[in-house]
Amino acid sequence: MTAVLPPVDLRRIVKLAEFEGLARAAMEPPAYDYVAGGAWDELSIAEAEAAWRRRRLRPRVLVDVDRIDPSTTMAGSRASLPIGIAPMAACGLAHPEAETAVARAAAVAGIPFALSTMSSHSIEDVAAAAPDGVRWFQLYAQRDPSRSRGFVERAEAAGCTAILVTVDLPVLGYRERDIRNGFDLSVPLGNFGDIGPDHGSHRGSADSGYDIVAGEIARGLVWDDVGAIRSWTRLPVFLKGILTAEDARLAVDHGVQGIVVSNHGARQLDRTVAPADALEEVVGAVAGRLEVWADGGVRRGLDVLTALALGARGVLVGRPILYALATAGEAGVARALDILHQETITAMALLGSPTVADVTRAHVAG
């Protein structure tokens with residue numbers, strides 16, 4: 001549930017960071033803590049953002065930047081910016097329209113949107129809300145492989161164009177805020193209608209989301225299972241949650257189409273290397289054999305360009321989008337995406353890079 005607050009003048013919001021305080025006022029405290037919090041001492045949350053800010057750009061001058069084109073492709077689909085919206089569980093904690101509002105705003109902006117397995121609204125409802133948008137599906141592999149396959153097949157049938165398999169959640173991280181609040185994600189989850197009192201409906205279950213993680217998500221997922229997941233779909237399969245060259249090379253060996261360099265929003269294992277710091281290692285290991293995205297701590301268009309310079313095809317943005325949703329629903333998300341667009345094209349012009357292909361390793365020091 002969210003609080004009823006006076007309307008926000010979105011024109012006065014000029015950076016993504018400004019949404020967080022507004023979201024905190026709008027959301028119930030345990031829900032806000034669930035979204036904002038990380039694992040253990042939450043060291044990795046701050047480090048994820050700081051790692052981008054530590055990098056220094058090397059702009060080139062006297063370059064024709066009369067026309068700036070920030071568009072690219074991600075997983076084979078067109079994106080107006082090298083940005084996708086990261087999968088986030090239970091967006092209904094922020095706003096009643098939840099993922100449907102995010103998907104609509106993303107479609108209008110030309111930004112791909114990744115739907116979480118643990119979403120408030122179902123795969124089918126989100127597809128109906130934004131049929132023309134680029135939509136991906138994030139899979140938590142289930143203890144029952146037939147359930148996993150069912151999710152993948154539903155996603156493909158609903159028009160999703162890629163599958164992002166999360167590989168860094170065999171168990172939940174030690175999330176102190178949730179433990180202290182007694183928060184266990186006991187909210188409707190649109191893709192689990194066959195569990196709990198709403199059996200037979202695809203619109204949700206009142207069971208604890210943490211119970212679903214403990215009882216349904218596969219703890220025994222291993223590299224040999226990747227081939228089976230790939231066999232279920234014609235869509236490109238990405239592995240989300242890789243931070244090392246060793247695992248990146250294994251991903252290449254197992255035939256996936258891409259990697260998302262991510263530490264799960266610092267919600268799993270604390271004290272991990274920041275995605276920004278792991279990115280170049282992973283890019284070097286795959287040596288162009290598959291697509292690499294960065295996810296974690298992206299808050300500015302400058303971060304986006306830094307990721308491109310370090311070898312990423314694009315980035316995923318998570319928490320700021322949910323904070324914008326809590327602030328003003330679909331309009332808030334639209335404003336957040338507009339800010340990212342303006343920041344990115346301005347930075348590209350000042351960097352001397354009229355297209356994303358013009359951003360190279362030479363544009364970042366070190």
# chains A, B, ... in the order shown; residues from 1 in each chain; ligands from 1
$ select_by_dssp --residues "range 135-359 of chain A" --states "alpha helix (DSSP H)" --output "mmCIF file with N, CA and C atoms, in the first residue's frame"
data_model
loop_
_atom_site.group_PDB
_atom_site.id
_atom_site.type_symbol
_atom_site.label_atom_id
_atom_site.label_comp_id
_atom_site.auth_asym_id
_atom_site.auth_seq_id
_atom_site.Cartn_x
_atom_site.Cartn_y
_atom_site.Cartn_z
ATOM 1 N N PRO A 145 11.173 -28.379 -12.966
ATOM 2 C CA PRO A 145 11.546 -27.859 -14.285
ATOM 3 C C PRO A 145 10.356 -27.585 -15.194
ATOM 4 N N SER A 146 9.268 -28.319 -15.007
ATOM 5 C CA SER A 146 8.102 -28.078 -15.861
ATOM 6 C C SER A 146 7.491 -26.709 -15.581
ATOM 7 N N ARG A 147 7.596 -26.246 -14.342
ATOM 8 C CA ARG A 147 7.111 -24.900 -14.032
ATOM 9 C C ARG A 147 8.011 -23.852 -14.693
ATOM 10 N N SER A 148 9.318 -24.061 -14.643
ATOM 11 C CA SER A 148 10.234 -23.149 -15.326
ATOM 12 C C SER A 148 9.911 -23.098 -16.814
ATOM 13 N N ARG A 149 9.752 -24.265 -17.404
ATOM 14 C CA ARG A 149 9.454 -24.305 -18.834
ATOM 15 C C ARG A 149 8.134 -23.593 -19.125
ATOM 16 N N GLY A 150 7.167 -23.771 -18.243
ATOM 17 C CA GLY A 150 5.888 -23.090 -18.431
ATOM 18 C C GLY A 150 6.032 -21.578 -18.437
ATOM 19 N N PHE A 151 6.845 -21.049 -17.521
ATOM 20 C CA PHE A 151 7.086 -19.601 -17.509
ATOM 21 C C PHE A 151 7.718 -19.141 -18.820
ATOM 22 N N VAL A 152 8.737 -19.866 -19.275
ATOM 23 C CA VAL A 152 9.425 -19.480 -20.509
ATOM 24 C C VAL A 152 8.471 -19.530 -21.694
ATOM 25 N N GLU A 153 7.664 -20.568 -21.771
ATOM 26 C CA GLU A 153 6.729 -20.689 -22.891
ATOM 27 C C GLU A 153 5.650 -19.620 -22.836
ATOM 28 N N ARG A 154 5.180 -19.305 -21.640
ATOM 29 C CA ARG A 154 4.206 -18.214 -21.502
ATOM 30 C C ARG A 154 4.810 -16.884 -21.945
ATOM 31 N N ALA A 155 6.055 -16.648 -21.550
ATOM 32 C CA ALA A 155 6.705 -15.395 -21.916
ATOM 33 C C ALA A 155 6.848 -15.274 -23.428
ATOM 34 N N GLU A 156 7.278 -16.351 -24.077
ATOM 35 C CA GLU A 156 7.427 -16.298 -25.534
ATOM 36 C C GLU A 156 6.078 -16.105 -26.211
ATOM 37 N N ALA A 157 5.057 -16.812 -25.723
ATOM 38 C CA ALA A 157 3.723 -16.673 -26.303
ATOM 39 C C ALA A 157 3.166 -15.265 -26.127
ATOM 40 N N GLU A 176 18.890 -7.682 6.477
ATOM 41 C CA GLU A 176 18.600 -7.309 7.866
ATOM 42 C C GLU A 176 17.357 -6.444 7.990
ATOM 43 N N ARG A 177 17.142 -5.548 7.026
ATOM 44 C CA ARG A 177 15.948 -4.689 7.130
ATOM 45 C C ARG A 177 14.682 -5.530 7.133
ATOM 46 N N ASP A 178 14.612 -6.511 6.249
ATOM 47 C CA ASP A 178 13.414 -7.348 6.172
ATOM 48 C C ASP A 178 13.251 -8.196 7.429
ATOM 49 N N ILE A 179 14.354 -8.703 7.953
ATOM 50 C CA ILE A 179 14.282 -9.496 9.182
ATOM 51 C C ILE A 179 13.765 -8.637 10.327
ATOM 52 N N ARG A 180 14.290 -7.430 10.431
ATOM 53 C CA ARG A 180 13.880 -6.528 11.505
ATOM 54 C C ARG A 180 12.405 -6.153 11.367
ATOM 55 N N ASN A 181 11.951 -5.933 10.141
ATOM 56 C CA ASN A 181 10.559 -5.520 9.902
ATOM 57 C C ASN A 181 9.587 -6.691 9.870
ATOM 58 N N GLY A 209 5.990 -14.246 -0.561
ATOM 59 C CA GLY A 209 6.947 -14.368 -1.647
ATOM 60 C C GLY A 209 8.218 -15.057 -1.198
ATOM 61 N N TYR A 210 8.612 -14.847 0.052
ATOM 62 C CA TYR A 210 9.809 -15.515 0.543
ATOM 63 C C TYR A 210 9.576 -17.019 0.697
ATOM 64 N N ASP A 211 8.336 -17.419 1.007
ATOM 65 C CA ASP A 211 8.016 -18.841 1.035
ATOM 66 C C ASP A 211 8.131 -19.450 -0.360
ATOM 67 N N ILE A 212 7.718 -18.684 -1.358
ATOM 68 C CA ILE A 212 7.833 -19.174 -2.728
ATOM 69 C C ILE A 212 9.298 -19.342 -3.102
ATOM 70 N N VAL A 213 10.129 -18.375 -2.712
ATOM 71 C CA VAL A 213 11.561 -18.502 -2.988
ATOM 72 C C VAL A 213 12.117 -19.755 -2.316
ATOM 73 N N ALA A 214 11.763 -19.931 -1.057
ATOM 74 C CA ALA A 214 12.303 -21.072 -0.314
ATOM 75 C C ALA A 214 11.776 -22.396 -0.839
ATOM 76 N N GLY A 215 10.504 -22.406 -1.256
ATOM 77 C CA GLY A 215 9.882 -23.666 -1.620
ATOM 78 C C GLY A 215 9.883 -23.998 -3.091
ATOM 79 N N GLU A 216 9.940 -22.988 -3.950
ATOM 80 C CA GLU A 216 9.765 -23.235 -5.378
ATOM 81 C C GLU A 216 11.023 -23.005 -6.212
ATOM 82 N N ASP A 224 24.933 -27.367 -16.245
ATOM 83 C CA ASP A 224 24.334 -28.339 -17.161
ATOM 84 C C ASP A 224 22.856 -28.073 -17.423
ATOM 85 N N ASP A 225 22.215 -27.281 -16.563
ATOM 86 C CA ASP A 225 20.793 -26.962 -16.765
ATOM 87 C C ASP A 225 20.591 -25.864 -17.803
ATOM 88 N N VAL A 226 21.633 -25.119 -18.135
ATOM 89 C CA VAL A 226 21.487 -23.999 -19.065
ATOM 90 C C VAL A 226 21.030 -24.482 -20.435
ATOM 91 N N GLY A 227 21.573 -25.596 -20.882
ATOM 92 C CA GLY A 227 21.182 -26.125 -22.180
ATOM 93 C C GLY A 227 19.712 -26.477 -22.241
ATOM 94 N N ALA A 228 19.191 -27.032 -21.150
ATOM 95 C CA ALA A 228 17.760 -27.373 -21.127
ATOM 96 C C ALA A 228 16.915 -26.119 -21.261
ATOM 97 N N ILE A 229 17.273 -25.073 -20.533
ATOM 98 C CA ILE A 229 16.514 -23.823 -20.632
ATOM 99 C C ILE A 229 16.574 -23.286 -22.051
ATOM 100 N N ARG A 230 17.737 -23.317 -22.662
ATOM 101 C CA ARG A 230 17.852 -22.842 -24.041
ATOM 102 C C ARG A 230 16.985 -23.650 -24.989
ATOM 103 N N SER A 231 16.815 -24.948 -24.704
ATOM 104 C CA SER A 231 16.044 -25.819 -25.606
ATOM 105 C C SER A 231 14.548 -25.533 -25.575
ATOM 106 N N ALA A 245 35.396 -13.412 -14.651
ATOM 107 C CA ALA A 245 35.824 -13.916 -15.960
ATOM 108 C C ALA A 245 35.612 -15.420 -16.063
ATOM 109 N N GLU A 246 35.814 -16.133 -14.960
ATOM 110 C CA GLU A 246 35.660 -17.585 -14.999
ATOM 111 C C GLU A 246 34.240 -17.982 -15.395
ATOM 112 N N ASP A 247 33.253 -17.367 -14.756
ATOM 113 C CA ASP A 247 31.864 -17.687 -15.092
ATOM 114 C C ASP A 247 31.479 -17.142 -16.462
ATOM 115 N N ALA A 248 32.067 -16.033 -16.859
ATOM 116 C CA ALA A 248 31.783 -15.490 -18.184
ATOM 117 C C ALA A 248 32.226 -16.467 -19.268
ATOM 118 N N ARG A 249 33.395 -17.062 -19.101
ATOM 119 C CA ARG A 249 33.863 -18.043 -20.092
ATOM 120 C C ARG A 249 32.975 -19.278 -20.102
ATOM 121 N N LEU A 250 32.494 -19.698 -18.943
ATOM 122 C CA LEU A 250 31.565 -20.827 -18.901
ATOM 123 C C LEU A 250 30.249 -20.489 -19.610
ATOM 124 N N ALA A 251 29.803 -19.245 -19.476
ATOM 125 C CA ALA A 251 28.583 -18.827 -20.169
ATOM 126 C C ALA A 251 28.760 -18.946 -21.681
ATOM 127 N N VAL A 252 29.925 -18.539 -22.174
ATOM 128 C CA VAL A 252 30.219 -18.701 -23.603
ATOM 129 C C VAL A 252 30.174 -20.180 -23.980
ATOM 130 N N ASP A 253 30.808 -21.013 -23.177
ATOM 131 C CA ASP A 253 30.866 -22.448 -23.460
ATOM 132 C C ASP A 253 29.480 -23.081 -23.511
ATOM 133 N N PRO A 275 29.510 -4.104 -9.947
ATOM 134 C CA PRO A 275 29.364 -4.417 -11.376
ATOM 135 C C PRO A 275 30.231 -3.535 -12.271
ATOM 136 N N ALA A 276 30.350 -2.252 -11.951
ATOM 137 C CA ALA A 276 31.186 -1.373 -12.766
ATOM 138 C C ALA A 276 32.635 -1.824 -12.770
ATOM 139 N N ASP A 277 33.100 -2.384 -11.651
ATOM 140 C CA ASP A 277 34.481 -2.843 -11.560
ATOM 141 C C ASP A 277 34.668 -4.224 -12.182
ATOM 142 N N ALA A 278 33.612 -5.030 -12.222
ATOM 143 C CA ALA A 278 33.697 -6.367 -12.819
ATOM 144 C C ALA A 278 33.506 -6.345 -14.324
ATOM 145 N N LEU A 279 32.933 -5.265 -14.838
ATOM 146 C CA LEU A 279 32.499 -5.235 -16.233
ATOM 147 C C LEU A 279 33.633 -5.512 -17.210
ATOM 148 N N GLU A 280 34.742 -4.816 -17.074
ATOM 149 C CA GLU A 280 35.806 -4.954 -18.069
ATOM 150 C C GLU A 280 36.423 -6.355 -18.032
ATOM 151 N N GLU A 281 36.508 -6.941 -16.860
ATOM 152 C CA GLU A 281 37.001 -8.322 -16.749
ATOM 153 C C GLU A 281 36.111 -9.281 -17.532
ATOM 154 N N VAL A 282 34.809 -9.129 -17.377
ATOM 155 C CA VAL A 282 33.861 -10.004 -18.076
ATOM 156 C C VAL A 282 33.911 -9.770 -19.578
ATOM 157 N N VAL A 283 33.938 -8.509 -19.977
ATOM 158 C CA VAL A 283 34.005 -8.188 -21.404
ATOM 159 C C VAL A 283 35.254 -8.802 -22.031
ATOM 160 N N GLY A 284 36.374 -8.707 -21.340
ATOM 161 C CA GLY A 284 37.601 -9.289 -21.863
ATOM 162 C C GLY A 284 37.523 -10.802 -21.985
ATOM 163 N N ALA A 285 36.850 -11.435 -21.038
ATOM 164 C CA ALA A 285 36.764 -12.893 -21.050
ATOM 165 C C ALA A 285 35.910 -13.409 -22.200
ATOM 166 N N VAL A 286 34.840 -12.703 -22.522
ATOM 167 C CA VAL A 286 33.965 -13.192 -23.591
ATOM 168 C C VAL A 286 34.485 -12.815 -24.970
ATOM 169 N N GLY A 301 23.225 9.462 -16.910
ATOM 170 C CA GLY A 301 23.629 9.215 -18.277
ATOM 171 C C GLY A 301 25.131 9.041 -18.394
ATOM 172 N N LEU A 302 25.883 9.699 -17.528
ATOM 173 C CA LEU A 302 27.339 9.535 -17.501
ATOM 174 C C LEU A 302 27.719 8.090 -17.181
ATOM 175 N N ASP A 303 26.953 7.438 -16.308
ATOM 176 C CA ASP A 303 27.209 6.032 -15.997
ATOM 177 C C ASP A 303 26.970 5.165 -17.231
ATOM 178 N N VAL A 304 25.939 5.497 -17.982
ATOM 179 C CA VAL A 304 25.620 4.732 -19.188
ATOM 180 C C VAL A 304 26.794 4.778 -20.166
ATOM 181 N N LEU A 305 27.326 5.975 -20.401
ATOM 182 C CA LEU A 305 28.434 6.109 -21.341
ATOM 183 C C LEU A 305 29.695 5.441 -20.815
ATOM 184 N N THR A 306 29.904 5.493 -19.509
ATOM 185 C CA THR A 306 31.048 4.800 -18.929
ATOM 186 C C THR A 306 30.940 3.300 -19.174
ATOM 187 N N ALA A 307 29.743 2.747 -18.996
ATOM 188 C CA ALA A 307 29.543 1.319 -19.245
ATOM 189 C C ALA A 307 29.818 0.967 -20.706
ATOM 190 N N LEU A 308 29.359 1.806 -21.621
ATOM 191 C CA LEU A 308 29.620 1.556 -23.039
ATOM 192 C C LEU A 308 31.120 1.571 -23.320
ATOM 193 N N ALA A 309 31.823 2.541 -22.739
ATOM 194 C CA ALA A 309 33.260 2.644 -22.962
ATOM 195 C C ALA A 309 34.001 1.423 -22.429
ATOM 196 N N ARG A 319 16.211 0.336 -9.226
ATOM 197 C CA ARG A 319 15.577 1.074 -8.137
ATOM 198 C C ARG A 319 15.052 2.453 -8.530
ATOM 199 N N PRO A 320 15.810 3.285 -9.275
ATOM 200 C CA PRO A 320 15.280 4.618 -9.591
ATOM 201 C C PRO A 320 13.957 4.576 -10.347
ATOM 202 N N ILE A 321 13.769 3.534 -11.152
ATOM 203 C CA ILE A 321 12.509 3.414 -11.886
ATOM 204 C C ILE A 321 11.377 3.096 -10.921
ATOM 205 N N LEU A 322 11.633 2.232 -9.957
ATOM 206 C CA LEU A 322 10.584 1.911 -8.990
ATOM 207 C C LEU A 322 10.280 3.104 -8.095
ATOM 208 N N TYR A 323 11.301 3.877 -7.731
ATOM 209 C CA TYR A 323 11.060 5.089 -6.955
ATOM 210 C C TYR A 323 10.222 6.085 -7.760
ATOM 211 N N ALA A 324 10.486 6.193 -9.047
ATOM 212 C CA ALA A 324 9.693 7.086 -9.893
ATOM 213 C C ALA A 324 8.255 6.596 -9.988
ATOM 214 N N LEU A 325 8.066 5.283 -10.045
ATOM 215 C CA LEU A 325 6.724 4.703 -10.066
ATOM 216 C C LEU A 325 5.979 5.057 -8.787
ATOM 217 N N ALA A 326 6.640 4.920 -7.647
ATOM 218 C CA ALA A 326 5.997 5.251 -6.372
ATOM 219 C C ALA A 326 5.661 6.729 -6.291
ATOM 220 N N THR A 327 6.481 7.561 -6.914
ATOM 221 C CA THR A 327 6.277 9.005 -6.853
ATOM 222 C C THR A 327 5.062 9.451 -7.641
ATOM 223 N N ALA A 328 4.896 8.928 -8.855
ATOM 224 C CA ALA A 328 3.824 9.451 -9.722
ATOM 225 C C ALA A 328 3.349 8.444 -10.753
ATOM 226 N N GLY A 329 3.446 7.168 -10.457
ATOM 227 C CA GLY A 329 2.928 6.162 -11.374
ATOM 228 C C GLY A 329 3.605 6.205 -12.729
ATOM 229 N N GLU A 330 2.820 5.951 -13.756
ATOM 230 C CA GLU A 330 3.363 5.923 -15.115
ATOM 231 C C GLU A 330 4.042 7.232 -15.491
ATOM 232 N N ALA A 331 3.459 8.357 -15.077
ATOM 233 C CA ALA A 331 4.063 9.660 -15.389
ATOM 234 C C ALA A 331 5.424 9.817 -14.731
ATOM 235 N N GLY A 332 5.583 9.280 -13.529
ATOM 236 C CA GLY A 332 6.873 9.340 -12.869
ATOM 237 C C GLY A 332 7.922 8.546 -13.617
ATOM 238 N N VAL A 333 7.558 7.342 -14.076
ATOM 239 C CA VAL A 333 8.501 6.528 -14.851
ATOM 240 C C VAL A 333 8.865 7.235 -16.144
ATOM 241 N N ALA A 334 7.863 7.821 -16.794
ATOM 242 C CA ALA A 334 8.142 8.552 -18.030
ATOM 243 C C ALA A 334 9.126 9.688 -17.789
ATOM 244 N N ARG A 335 8.974 10.384 -16.670
ATOM 245 C CA ARG A 335 9.892 11.482 -16.354
ATOM 246 C C ARG A 335 11.303 10.949 -16.103
ATOM 247 N N ALA A 336 11.418 9.841 -15.397
ATOM 248 C CA ALA A 336 12.731 9.260 -15.141
ATOM 249 C C ALA A 336 13.420 8.887 -16.447
ATOM 250 N N LEU A 337 12.686 8.301 -17.369
ATOM 251 C CA LEU A 337 13.278 7.907 -18.646
ATOM 252 C C LEU A 337 13.645 9.126 -19.482
ATOM 253 N N ASP A 338 12.854 10.187 -19.373
ATOM 254 C CA ASP A 338 13.185 11.417 -20.092
ATOM 255 C C ASP A 338 14.474 12.039 -19.547
ATOM 256 N N ILE A 339 14.638 12.012 -18.233
ATOM 257 C CA ILE A 339 15.879 12.532 -17.636
ATOM 258 C C ILE A 339 17.077 11.741 -18.155
ATOM 259 N N LEU A 340 16.963 10.421 -18.175
ATOM 260 C CA LEU A 340 18.059 9.604 -18.675
ATOM 261 C C LEU A 340 18.353 9.910 -20.140
ATOM 262 N N HIS A 341 17.308 10.140 -20.918
ATOM 263 C CA HIS A 341 17.506 10.475 -22.332
ATOM 264 C C HIS A 341 18.262 11.791 -22.471
ATOM 265 N N GLN A 342 17.817 12.817 -21.748
ATOM 266 C CA GLN A 342 18.456 14.121 -21.855
ATOM 267 C C GLN A 342 19.899 14.074 -21.374
ATOM 268 N N GLU A 343 20.143 13.395 -20.260
ATOM 269 C CA GLU A 343 21.504 13.292 -19.754
ATOM 270 C C GLU A 343 22.412 12.562 -20.745
ATOM 271 N N THR A 344 21.892 11.490 -21.326
ATOM 272 C CA THR A 344 22.718 10.673 -22.212
ATOM 273 C C THR A 344 23.086 11.404 -23.489
ATOM 274 N N ILE A 345 22.105 12.053 -24.119
ATOM 275 C CA ILE A 345 22.436 12.730 -25.384
ATOM 276 C C ILE A 345 23.331 13.947 -25.136
ATOM 277 N N THR A 346 23.145 14.614 -24.013
ATOM 278 C CA THR A 346 24.021 15.745 -23.687
ATOM 279 C C THR A 346 25.448 15.267 -23.462
ATOM 280 N N ALA A 347 25.585 14.168 -22.710
ATOM 281 C CA ALA A 347 26.917 13.636 -22.436
ATOM 282 C C ALA A 347 27.584 13.119 -23.708
ATOM 283 N N MET A 348 26.807 12.517 -24.598
ATOM 284 C CA MET A 348 27.388 12.038 -25.858
ATOM 285 C C MET A 348 27.962 13.199 -26.674
ATOM 286 N N ALA A 349 27.240 14.295 -26.730
ATOM 287 C CA ALA A 349 27.729 15.458 -27.481
ATOM 288 C C ALA A 349 29.015 15.996 -26.864
ATOM 289 N N LEU A 350 29.033 16.098 -25.541
ATOM 290 C CA LEU A 350 30.215 16.650 -24.875
ATOM 291 C C LEU A 350 31.395 15.684 -24.886
ATOM 292 N N LEU A 351 31.113 14.404 -24.988
ATOM 293 C CA LEU A 351 32.174 13.405 -25.078
ATOM 294 C C LEU A 351 32.769 13.344 -26.485
#
$ residues_around --residues "Ser353 in chain A" --least-positions-apart "6" --cutoff "9 Å" --atoms "only C-alpha atoms" --output "list in words"
Pro59, Arg60, Val63, Asp64, Val65, Ile68, Ala347, Val359 and Thr360 of chain A
$ write_last_selection --atoms "N, CA and C atoms" --output "mmCIF file, in the first residue's frame"
data_model
loop_
_atom_site.group_PDB
_atom_site.id
_atom_site.type_symbol
_atom_site.label_atom_id
_atom_site.label_comp_id
_atom_site.auth_asym_id
_atom_site.auth_seq_id
_atom_site.Cartn_x
_atom_site.Cartn_y
_atom_site.Cartn_z
ATOM 1 N N PRO A 59 37.001 13.321 -22.917
ATOM 2 C CA PRO A 59 36.241 13.822 -24.065
ATOM 3 C C PRO A 59 37.135 14.192 -25.233
ATOM 4 N N ARG A 60 36.598 14.010 -26.442
ATOM 5 C CA ARG A 60 37.254 14.470 -27.659
ATOM 6 C C ARG A 60 36.514 15.689 -28.186
ATOM 7 N N VAL A 63 34.537 17.454 -32.882
ATOM 8 C CA VAL A 63 33.814 16.350 -33.515
ATOM 9 C C VAL A 63 32.433 16.867 -33.889
ATOM 10 N N ASP A 64 31.934 16.512 -35.061
ATOM 11 C CA ASP A 64 30.608 16.945 -35.496
ATOM 12 C C ASP A 64 29.546 16.222 -34.676
ATOM 13 N N VAL A 65 28.914 16.946 -33.773
ATOM 14 C CA VAL A 65 27.860 16.365 -32.944
ATOM 15 C C VAL A 65 26.527 17.079 -33.201
ATOM 16 N N ILE A 68 22.831 13.690 -32.743
ATOM 17 C CA ILE A 68 23.158 12.664 -31.761
ATOM 18 C C ILE A 68 22.137 11.542 -31.873
ATOM 19 N N ALA A 347 25.585 14.168 -22.710
ATOM 20 C CA ALA A 347 26.917 13.636 -22.436
ATOM 21 C C ALA A 347 27.584 13.119 -23.708
ATOM 22 N N VAL A 359 31.475 5.490 -28.896
ATOM 23 C CA VAL A 359 32.002 5.466 -27.527
ATOM 24 C C VAL A 359 32.963 4.295 -27.412
ATOM 25 N N THR A 360 34.213 4.575 -27.111
ATOM 26 C CA THR A 360 35.233 3.530 -27.062
ATOM 27 C C THR A 360 35.962 3.532 -25.729
#
$ residues_around --residues "Pro87 in chain A" --least-positions-apart "5" --cutoff "12 Å" --atoms "only C-alpha atoms" --output "PyMOL selection string"
chain A and resi 99+102-103+112-120+135-140+163-166+240+260+262+264-265+295-296+316-319+321-322
$ closest_residue --among "A:Asp41, A:Glu28, A:Asp270, A:Glu47" --to "Gly92 in chain A" --atoms "only C-alpha atoms"
A:Glu28
$ atom_distance --atom1 "CA of Ser122 in chain A" --atom2 "CA of Gly190 in chain A"
4.2 Å
$ residues_around --residues "Arg361 in chain A" --least-positions-apart "3" --cutoff "8 Å" --atoms "only C-alpha atoms" --output "PyMOL selection string"
chain A and resi 309-311+364
$ write_last_selection --atoms "N, CA and C atoms" --output "mmCIF file, in the first residue's frame"
data_model
loop_
_atom_site.group_PDB
_atom_site.id
_atom_site.type_symbol
_atom_site.label_atom_id
_atom_site.label_comp_id
_atom_site.auth_asym_id
_atom_site.auth_seq_id
_atom_site.Cartn_x
_atom_site.Cartn_y
_atom_site.Cartn_z
ATOM 1 N N ALA A 309 31.823 2.541 -22.739
ATOM 2 C CA ALA A 309 33.260 2.644 -22.962
ATOM 3 C C ALA A 309 34.001 1.423 -22.429
ATOM 4 N N LEU A 310 33.474 0.811 -21.372
ATOM 5 C CA LEU A 310 34.104 -0.375 -20.788
ATOM 6 C C LEU A 310 33.681 -1.662 -21.468
ATOM 7 N N GLY A 311 32.840 -1.547 -22.507
ATOM 8 C CA GLY A 311 32.531 -2.709 -23.325
ATOM 9 C C GLY A 311 31.127 -3.237 -23.257
ATOM 10 N N VAL A 364 37.462 6.523 -21.532
ATOM 11 C CA VAL A 364 37.529 6.402 -20.070
ATOM 12 C C VAL A 364 38.979 6.224 -19.661
#
$ select_by_dssp --residues "range 107-338 of chain A" --states "strand (DSSP E or B)" --output "MDAnalysis selection string"
chainID A and resid 113:115 135:139 142 163:166 217 237:242 258:262 291:295 314:317
$ residues_around --residues "Ala218 in chain A" --least-positions-apart "4" --cutoff "6 Å" --atoms "only C-alpha atoms" --output "list of chain:residue names"
A:Ala141, A:Gln142, A:Arg143
$ closest_residue --among "A:Trp40, A:Ala294, A:Ile242, A:Thr73" --to "Ala86 in chain A" --atoms "only C-alpha atoms"
A:Ala294
$ closest_residue --among "A:Gly159, A:Phe183, A:Ile83, A:Val237" --to "His254 in chain A" --atoms "only C-alpha atoms"
A:Val237
